[in-house]
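S.K.: One structure, as C-alpha cells, below. Some questions next.
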Amino acid sequence: MRPLYLSTPVRESLGPCLRPGGAILTRRIIDLTRPRPDDVVLDAGCGAGGSMALLRAHGVRTVLGLDLEPGLLLESRASGGHPARADLAHLPLPDSCLDLVLCECVWNLTDREKVLSEFARALKPGARIALSDIFTRSRQDRAGTWPVPCCFSGATDLATVRGLFVKAGFTISILEDHTRLLNRTAAEFVFAHGSLQTFWQAVTGDAYLAAAACTAAATARPGLFLLIAQRSSP
C-alpha cells in the first residue's frame with residue numbers, strides 16, 4: 001500500500017508541503033535558525049520541494065534536496081529545485097559540509113539512529129539540525145498499529161526522541177510542541193471527508209483498515225514536535 005503522504009486525499013489537502021500545518025513550521029524553522037545566503041542547507045526528505053522554495057525565497061543560495069520518491073522529485077524539479085534521489089541513511093555528501101539540515105515529517109519513516117548519525121557526520125561542528133515529526137502522547141508509550149506506512153507508525157515519546165539526539169552527539173536548544181497544527185490538519189481532513197473514519201477509508205479503500213487507523217490514533221494520541229539541535233564540537 002502506498003505511504004500515507006502519497007495518497008490522493010493527503011495530496012489534495014496538503015499540496016506541495018506534505019506535512020501537518022503545511023509550510024507554517026518551515027517558516028518557524030527559518031525564523032529560528034536564520035540561515036545565511038552562503039550557508040549550505042540540506043532539505044532531507046524534500047518531497048515536492050515546498051521547503052526548498054521557501055529557503056531560496058529567504059535568500060539561501062545553496063539548497064540541497066534529497067528524497068526517495070521519483071514522482072515527488074520530478075515535481076520539485078518542475079518548480080525550480082535540483083534535488084537528488086538518495087537514502088537518508090546513506091547521505092551522498094562529504095563529512096562536515098552542511099550548515100543546516102531540515103528534516104520535516106520524514107525521520108519516523110527511516111532508520112532513525114542511523115539517519116541521525118549521518119546528519120551528525122555531514123554537519124559542520126556547531127552546525128544545526130531542525131527536525132519536525134510526530135510523537136506519541138499516550139501514557140502507554142504505544143504508537144498503535146497503523147494500516148499504512150506513515151510517520152505515525154514510527155512515532156515514540158519525546159523522552160526517547162531527546163535520548164536519540166543526545167546519543168548521536170547533538171545538543172538540543174529548542175523543543176516545541178505544535179500539536180495544534182496536527183489537530184488543525186485533522187480537522188481539515190474531517191471537513192473534506194465528513195469524519196476521520198471516512199478520510200481513512202478514502203486513503204485505504206477499506207472500512208476495516210479505516211477503523212484500525214482510528215483505533216491506532218486513539219491509542220497513540222499523536223502530537224507534533226519541532227526540535228532544533230546543534231552538532232557538538234569534537
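Identifiers for the C-alpha cells are assigned positionally: chains receive A, B, ... in sequence, residues are indexed from 1 per chain, and ligands are indexed from 1 in the order shown.
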Quick one: everything within 8 Å of segment 118-135 of chain A, counting only C-alpha atoms, minus sequence neighbours fewer than 5 positions away in the same chain. Send it as an MDAnalysis selection string.
M.R.: chainID A and resid 25 29 88:91 93:108 151:152 155:158 168:170 222:234
S.K.: Write out, as a compact mmCIF listing (two decimals), in the first residue's frame, the residues just selected, with C-alpha atoms.
M.R.:
# COMPACT_ATOMS: atom_id res chain seq x y z
CA LEU A 25 6.63 25.02 10.65
CA ILE A 29 12.35 26.98 11.37
CA LEU A 88 18.96 9.50 4.20
CA ALA A 89 20.73 6.62 5.97
CA HIS A 90 23.48 6.87 3.33
CA LEU A 91 23.94 10.55 2.52
CA LEU A 93 27.72 14.01 1.00
CA PRO A 94 31.22 14.52 2.42
CA ASP A 95 31.92 14.97 6.11
CA SER A 96 31.34 18.37 7.72
CA CYS A 97 29.88 20.07 4.65
CA LEU A 98 26.48 21.32 5.88
CA ASP A 99 25.48 24.40 7.88
CA LEU A 100 21.87 23.35 8.44
CA VAL A 101 19.68 20.28 7.95
CA LEU A 102 15.89 20.45 7.68
CA CYS A 103 14.03 17.18 8.17
CA GLU A 104 10.26 17.61 8.24
CA CYS A 105 7.94 14.68 8.98
CA VAL A 106 10.36 12.19 7.41
CA TRP A 107 12.51 10.92 10.29
CA ASN A 108 9.92 8.48 11.66
CA CYS A 151 5.09 8.93 10.24
CA PHE A 152 2.59 7.94 12.94
CA ALA A 155 6.48 7.65 16.45
CA THR A 156 7.71 7.44 20.02
CA ASP A 157 7.58 9.66 23.11
CA LEU A 158 9.59 12.87 23.46
CA ALA A 168 24.04 10.97 18.25
CA GLY A 169 26.13 13.88 19.57
CA PHE A 170 23.62 16.73 19.43
CA PRO A 222 -0.23 11.60 18.36
CA GLY A 223 1.32 15.04 18.67
CA LEU A 224 3.70 17.13 16.56
CA PHE A 225 7.07 18.48 17.71
CA LEU A 226 9.76 20.79 16.38
CA LEU A 227 13.30 20.25 17.61
CA ILE A 228 16.42 22.29 16.89
CA ALA A 229 19.78 20.91 17.95
CA GLN A 230 23.45 21.71 17.43
CA ARG A 231 26.11 19.23 16.45
CA SER A 232 28.57 19.04 19.31
CA SER A 233 32.13 20.04 18.52
CA PRO A 234 34.75 17.24 18.63
S.K.: Could you give me, as a PyMOL selection string, each residue of segment 1-233 of chain A that DSSP assigns to helix (DSSP H, G or I) when run on this structure's backbone?
M.R.: chain A and resi 4-6+8-14+24-33+50-57+70-78+107-109+112-122+158-167+179-193+196-204+207-220
S.K.: Show me, as a CSV table (one decimal) with N, CA and C atoms, in the first residue's frame, the residues that have an atom within 7 Å of Cys150 of chain A when counting only C-alpha atoms, minus same-chain residues fewer than 5 positions from it.
M.R.:
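Just written: around-v1.csv:
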chain,number,residue,atom,x,y,z
A,3,PRO,N,2.4,4.9,0.8
A,3,PRO,CA,2.5,5.6,2.1
A,3,PRO,C,1.4,6.7,2.2
A,4,LEU,N,1.1,7.0,3.4
A,4,LEU,CA,0.0,8.0,3.6
A,4,LEU,C,0.2,9.3,2.9
A,109,LEU,N,10.0,7.7,9.4
A,109,LEU,CA,9.9,6.7,8.3
A,109,LEU,C,11.2,6.1,8.0
S.K.: Go through A:Ala202, A:Leu14, A:Met52, A:Ala213 and flag the residue nearest Arg77 of chain A, using only C-alpha atoms for the distances.
M.R.: A:Met52
S.K.: Name the residues in contact with Leu6 of chain A at a cut-off of 12 Å, using only C-alpha atoms, excluding same-chain residues fewer than 2 positions from it; report them as a PDB file with N, CA, C and O atoms, in the first residue's frame.
M.R.:
ATOM      1  N   MET A   1       0.846  -1.209   0.000  1.00  0.00           N
ATOM      2  CA  MET A   1       0.000   0.000   0.000  1.00  0.00           C
ATOM      3  C   MET A   1       0.876   1.251   0.000  1.00  0.00           C
ATOM      4  O   MET A   1       1.912   1.290   0.655  1.00  0.00           O
ATOM      5  N   ARG A   2       0.458   2.259  -0.757  1.00  0.00           N
ATOM      6  CA  ARG A   2       1.225   3.494  -0.847  1.00  0.00           C
ATOM      7  C   ARG A   2       1.300   4.187   0.504  1.00  0.00           C
ATOM      8  O   ARG A   2       0.351   4.130   1.295  1.00  0.00           O
ATOM      9  N   PRO A   3       2.421   4.861   0.793  1.00  0.00           N
ATOM     10  CA  PRO A   3       2.517   5.604   2.052  1.00  0.00           C
ATOM     11  C   PRO A   3       1.423   6.658   2.153  1.00  0.00           C
ATOM     12  O   PRO A   3       0.921   7.171   1.143  1.00  0.00           O
ATOM     13  N   LEU A   4       1.089   7.023   3.378  1.00  0.00           N
ATOM     14  CA  LEU A   4       0.018   7.992   3.617  1.00  0.00           C
ATOM     15  C   LEU A   4       0.244   9.290   2.860  1.00  0.00           C
ATOM     16  O   LEU A   4      -0.673   9.845   2.259  1.00  0.00           O
ATOM     17  N   THR A   8      -4.033  10.067  -2.424  1.00  0.00           N
ATOM     18  CA  THR A   8      -4.746  11.177  -3.057  1.00  0.00           C
ATOM     19  C   THR A   8      -5.402  12.121  -2.052  1.00  0.00           C
ATOM     20  O   THR A   8      -5.286  13.349  -2.204  1.00  0.00           O
ATOM     21  N   PRO A   9      -6.087  11.641  -1.005  1.00  0.00           N
ATOM     22  CA  PRO A   9      -6.696  12.579  -0.050  1.00  0.00           C
ATOM     23  C   PRO A   9      -5.689  13.502   0.614  1.00  0.00           C
ATOM     24  O   PRO A   9      -5.977  14.689   0.834  1.00  0.00           O
ATOM     25  N   VAL A  10      -4.511  12.981   0.939  1.00  0.00           N
ATOM     26  CA  VAL A  10      -3.490  13.814   1.580  1.00  0.00           C
ATOM     27  C   VAL A  10      -2.895  14.798   0.581  1.00  0.00           C
ATOM     28  O   VAL A  10      -2.738  15.991   0.882  1.00  0.00           O
ATOM     29  N   ARG A  11      -2.578  14.335  -0.615  1.00  0.00           N
ATOM     30  CA  ARG A  11      -2.019  15.237  -1.619  1.00  0.00           C
ATOM     31  C   ARG A  11      -2.983  16.366  -1.952  1.00  0.00           C
ATOM     32  O   ARG A  11      -2.580  17.523  -2.113  1.00  0.00           O
ATOM     33  N   GLU A  12      -4.277  16.057  -2.049  1.00  0.00           N
ATOM     34  CA  GLU A  12      -5.265  17.087  -2.372  1.00  0.00           C
ATOM     35  C   GLU A  12      -5.389  18.123  -1.258  1.00  0.00           C
ATOM     36  O   GLU A  12      -5.627  19.307  -1.529  1.00  0.00           O
ATOM     37  N   SER A  13      -5.203  17.698  -0.021  1.00  0.00           N
ATOM     38  CA  SER A  13      -5.361  18.616   1.107  1.00  0.00           C
ATOM     39  C   SER A  13      -4.101  19.426   1.386  1.00  0.00           C
ATOM     40  O   SER A  13      -4.181  20.616   1.715  1.00  0.00           O
ATOM     41  N   LEU A  14      -2.923  18.797   1.269  1.00  0.00           N
ATOM     42  CA  LEU A  14      -1.691  19.439   1.726  1.00  0.00           C
ATOM     43  C   LEU A  14      -0.852  20.048   0.615  1.00  0.00           C
ATOM     44  O   LEU A  14       0.035  20.850   0.895  1.00  0.00           O
ATOM     45  N   GLY A  15      -1.082  19.660  -0.630  1.00  0.00           N
ATOM     46  CA  GLY A  15      -0.324  20.256  -1.730  1.00  0.00           C
ATOM     47  C   GLY A  15       1.149  19.900  -1.664  1.00  0.00           C
ATOM     48  O   GLY A  15       1.523  18.798  -1.278  1.00  0.00           O
ATOM     49  N   PRO A  16       2.063  20.846  -2.001  1.00  0.00           N
ATOM     50  CA  PRO A  16       3.493  20.523  -2.087  1.00  0.00           C
ATOM     51  C   PRO A  16       4.170  20.322  -0.733  1.00  0.00           C
ATOM     52  O   PRO A  16       5.244  19.742  -0.668  1.00  0.00           O
ATOM     53  N   CYS A  17       3.578  20.820   0.348  1.00  0.00           N
ATOM     54  CA  CYS A  17       4.163  20.653   1.692  1.00  0.00           C
ATOM     55  C   CYS A  17       3.431  19.511   2.388  1.00  0.00           C
ATOM     56  O   CYS A  17       2.386  19.713   3.013  1.00  0.00           O
ATOM     57  N   LEU A  18       3.965  18.306   2.271  1.00  0.00           N
ATOM     58  CA  LEU A  18       3.251  17.102   2.692  1.00  0.00           C
ATOM     59  C   LEU A  18       3.463  16.826   4.176  1.00  0.00           C
ATOM     60  O   LEU A  18       4.093  15.832   4.562  1.00  0.00           O
ATOM     61  N   ARG A  19       2.932  17.704   5.018  1.00  0.00           N
ATOM     62  CA  ARG A  19       3.070  17.545   6.458  1.00  0.00           C
ATOM     63  C   ARG A  19       2.023  18.384   7.156  1.00  0.00           C
ATOM     64  O   ARG A  19       1.487  19.345   6.567  1.00  0.00           O
ATOM     65  N   GLY A  47      10.642  15.970  -0.680  1.00  0.00           N
ATOM     66  CA  GLY A  47       9.320  15.832  -1.282  1.00  0.00           C
ATOM     67  C   GLY A  47       9.172  16.629  -2.561  1.00  0.00           C
ATOM     68  O   GLY A  47      10.034  16.615  -3.442  1.00  0.00           O
ATOM     69  N   ALA A  48       8.068  17.367  -2.650  1.00  0.00           N
ATOM     70  CA  ALA A  48       7.769  18.133  -3.860  1.00  0.00           C
ATOM     71  C   ALA A  48       8.471  19.482  -3.907  1.00  0.00           C
ATOM     72  O   ALA A  48       8.258  20.264  -4.833  1.00  0.00           O
ATOM     73  N   GLU A  69      11.374   9.353  -3.450  1.00  0.00           N
ATOM     74  CA  GLU A  69      10.195   9.197  -4.299  1.00  0.00           C
ATOM     75  C   GLU A  69      10.406   9.877  -5.652  1.00  0.00           C
ATOM     76  O   GLU A  69      10.451  11.106  -5.743  1.00  0.00           O
ATOM     77  N   PRO A  70      10.523   9.107  -6.737  1.00  0.00           N
ATOM     78  CA  PRO A  70      10.777   9.702  -8.057  1.00  0.00           C
ATOM     79  C   PRO A  70       9.728  10.730  -8.479  1.00  0.00           C
ATOM     80  O   PRO A  70      10.068  11.772  -9.046  1.00  0.00           O
ATOM     81  N   GLY A  71       8.450  10.442  -8.212  1.00  0.00           N
ATOM     82  CA  GLY A  71       7.402  11.374  -8.619  1.00  0.00           C
ATOM     83  C   GLY A  71       7.516  12.719  -7.932  1.00  0.00           C
ATOM     84  O   GLY A  71       7.342  13.778  -8.551  1.00  0.00           O
ATOM     85  N   LEU A  72       7.812  12.701  -6.627  1.00  0.00           N
ATOM     86  CA  LEU A  72       7.970  13.954  -5.887  1.00  0.00           C
ATOM     87  C   LEU A  72       9.207  14.711  -6.352  1.00  0.00           C
ATOM     88  O   LEU A  72       9.211  15.948  -6.409  1.00  0.00           O
ATOM     89  N   VAL A 148      -1.281   1.741   7.142  1.00  0.00           N
ATOM     90  CA  VAL A 148      -0.493   2.225   6.008  1.00  0.00           C
ATOM     91  C   VAL A 148       0.842   2.752   6.531  1.00  0.00           C
ATOM     92  O   VAL A 148       0.929   3.208   7.672  1.00  0.00           O
ATOM     93  N   PRO A 149       1.903   2.708   5.719  1.00  0.00           N
ATOM     94  CA  PRO A 149       3.170   3.314   6.127  1.00  0.00           C
ATOM     95  C   PRO A 149       2.981   4.816   6.330  1.00  0.00           C
ATOM     96  O   PRO A 149       2.467   5.514   5.453  1.00  0.00           O
ATOM     97  N   CYS A 150       3.389   5.318   7.492  1.00  0.00           N
ATOM     98  CA  CYS A 150       3.209   6.738   7.787  1.00  0.00           C
ATOM     99  C   CYS A 150       4.089   7.132   8.964  1.00  0.00           C
ATOM    100  O   CYS A 150       4.607   6.280   9.693  1.00  0.00           O
ATOM    101  N   VAL A 203      -8.329   6.843   2.084  1.00  0.00           N
ATOM    102  CA  VAL A 203      -6.902   6.536   1.961  1.00  0.00           C
ATOM    103  C   VAL A 203      -6.676   5.061   1.674  1.00  0.00           C
ATOM    104  O   VAL A 203      -5.901   4.685   0.781  1.00  0.00           O
ATOM    105  N   THR A 204      -7.367   4.193   2.445  1.00  0.00           N
ATOM    106  CA  THR A 204      -7.090   2.759   2.383  1.00  0.00           C
ATOM    107  C   THR A 204      -8.001   2.003   1.426  1.00  0.00           C
ATOM    108  O   THR A 204      -7.662   0.910   0.970  1.00  0.00           O
TER     109      THR A 204
END
S.K.: Apply DSSP to the backbone of this structure and, from segment 8-234 of chain A, keep only the residues in strand (DSSP E); write these as an NGL selection string.
M.R.: :A and (40-44 or 62-67 or 84-85 or 98-104 or 123-136 or 170-177 or 222-231)
S.K.: At a cut-off of 12 Å, using only C-alpha atoms, what residues contact Ala57 of chain A? Leave out same-chain residues fewer than 2 positions from it and give the result as a PyMOL selection string.
M.R.: chain A and resi 27+30+35-37+50-55+59-63+80-81
S.K.: Once you have the residues from the selection above, write them out as a compact mmCIF listing (two decimals), in the first residue's frame, restricted to N, CA and C atoms.
M.R.:
# COMPACT_ATOMS: atom_id res chain seq x y z
N ARG A 27 8.44 27.93 8.01
CA ARG A 27 8.68 29.35 8.27
C ARG A 27 9.16 29.57 9.70
N ILE A 30 12.84 28.70 9.72
CA ILE A 30 13.65 29.77 9.13
C ILE A 30 13.78 30.93 10.09
N PRO A 35 19.03 31.06 8.44
CA PRO A 35 20.14 30.67 7.55
C PRO A 35 20.63 31.85 6.72
N ARG A 36 21.94 31.89 6.54
CA ARG A 36 22.57 32.97 5.79
C ARG A 36 22.63 32.63 4.30
N PRO A 37 22.77 33.63 3.44
CA PRO A 37 22.80 33.36 2.00
C PRO A 37 23.87 32.38 1.57
N GLY A 50 8.56 22.10 -1.51
CA GLY A 50 7.99 23.29 -0.88
C GLY A 50 8.96 24.01 0.03
N SER A 51 9.70 23.28 0.86
CA SER A 51 10.65 23.92 1.78
C SER A 51 11.86 24.46 1.04
N MET A 52 12.29 23.75 0.00
CA MET A 52 13.41 24.27 -0.80
C MET A 52 13.07 25.63 -1.39
N ALA A 53 11.84 25.78 -1.87
CA ALA A 53 11.41 27.06 -2.45
C ALA A 53 11.40 28.15 -1.38
N LEU A 54 10.95 27.83 -0.17
CA LEU A 54 10.93 28.82 0.91
C LEU A 54 12.34 29.24 1.29
N LEU A 55 13.27 28.30 1.32
CA LEU A 55 14.66 28.63 1.65
C LEU A 55 15.28 29.51 0.57
N GLY A 59 16.64 33.68 0.52
CA GLY A 59 17.94 34.15 0.06
C GLY A 59 19.06 33.14 0.15
N VAL A 60 18.77 31.91 0.59
CA VAL A 60 19.81 30.88 0.67
C VAL A 60 20.14 30.41 -0.74
N ARG A 61 21.40 30.50 -1.10
CA ARG A 61 21.79 30.21 -2.48
C ARG A 61 22.03 28.72 -2.73
N THR A 62 22.50 27.99 -1.73
CA THR A 62 22.80 26.57 -1.91
C THR A 62 21.86 25.73 -1.06
N VAL A 63 20.80 25.24 -1.70
CA VAL A 63 19.82 24.40 -1.03
C VAL A 63 19.84 23.03 -1.70
N GLY A 80 11.59 24.33 -9.92
CA GLY A 80 12.86 25.07 -9.88
C GLY A 80 13.92 24.48 -8.98
N GLY A 81 13.63 23.37 -8.29
CA GLY A 81 14.62 22.75 -7.43
C GLY A 81 15.52 21.80 -8.20
S.K.: Taking into account only C-alpha atoms, which residue in the set A:Ala78, A:Ala217, A:Val166, A:Val40 is nearest to Ala186 of chain A?
M.R.: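 Under the stated criterion, the closest residue is A:Ala217.
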S.K.: Please measure the separation of atom CA of Gly65 of chain A and atom CA of Ala44 of chain A, giving the value in Å to one decimal.
M.R.: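 A separation of 6.1 Å between them.
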S.K.: Could you please determine the separation between atom CA of Ala212 of chain A and atom CA of Asn183 of chain A in Å, to one decimal place?
M.R.: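 Separation of atom CA of Ala212 of chain A and atom CA of Asn183 of chain A: 19.0 Å.
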S.K.: So the first atom is atom CA of Leu164 of chain A and the second is atom CA of Leu32 of chain A; what is the distance between them in Å, to one decimal place?
M.R.: 22.0 Å
S.K.: Taking only C-alpha atoms into account, which of A:Lys167, A:Arg221, A:Arg28, A:His178 comes nearest Thr136 of chain A?
M.R.: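 So, comparing all the options, the nearest one is A:Arg221.
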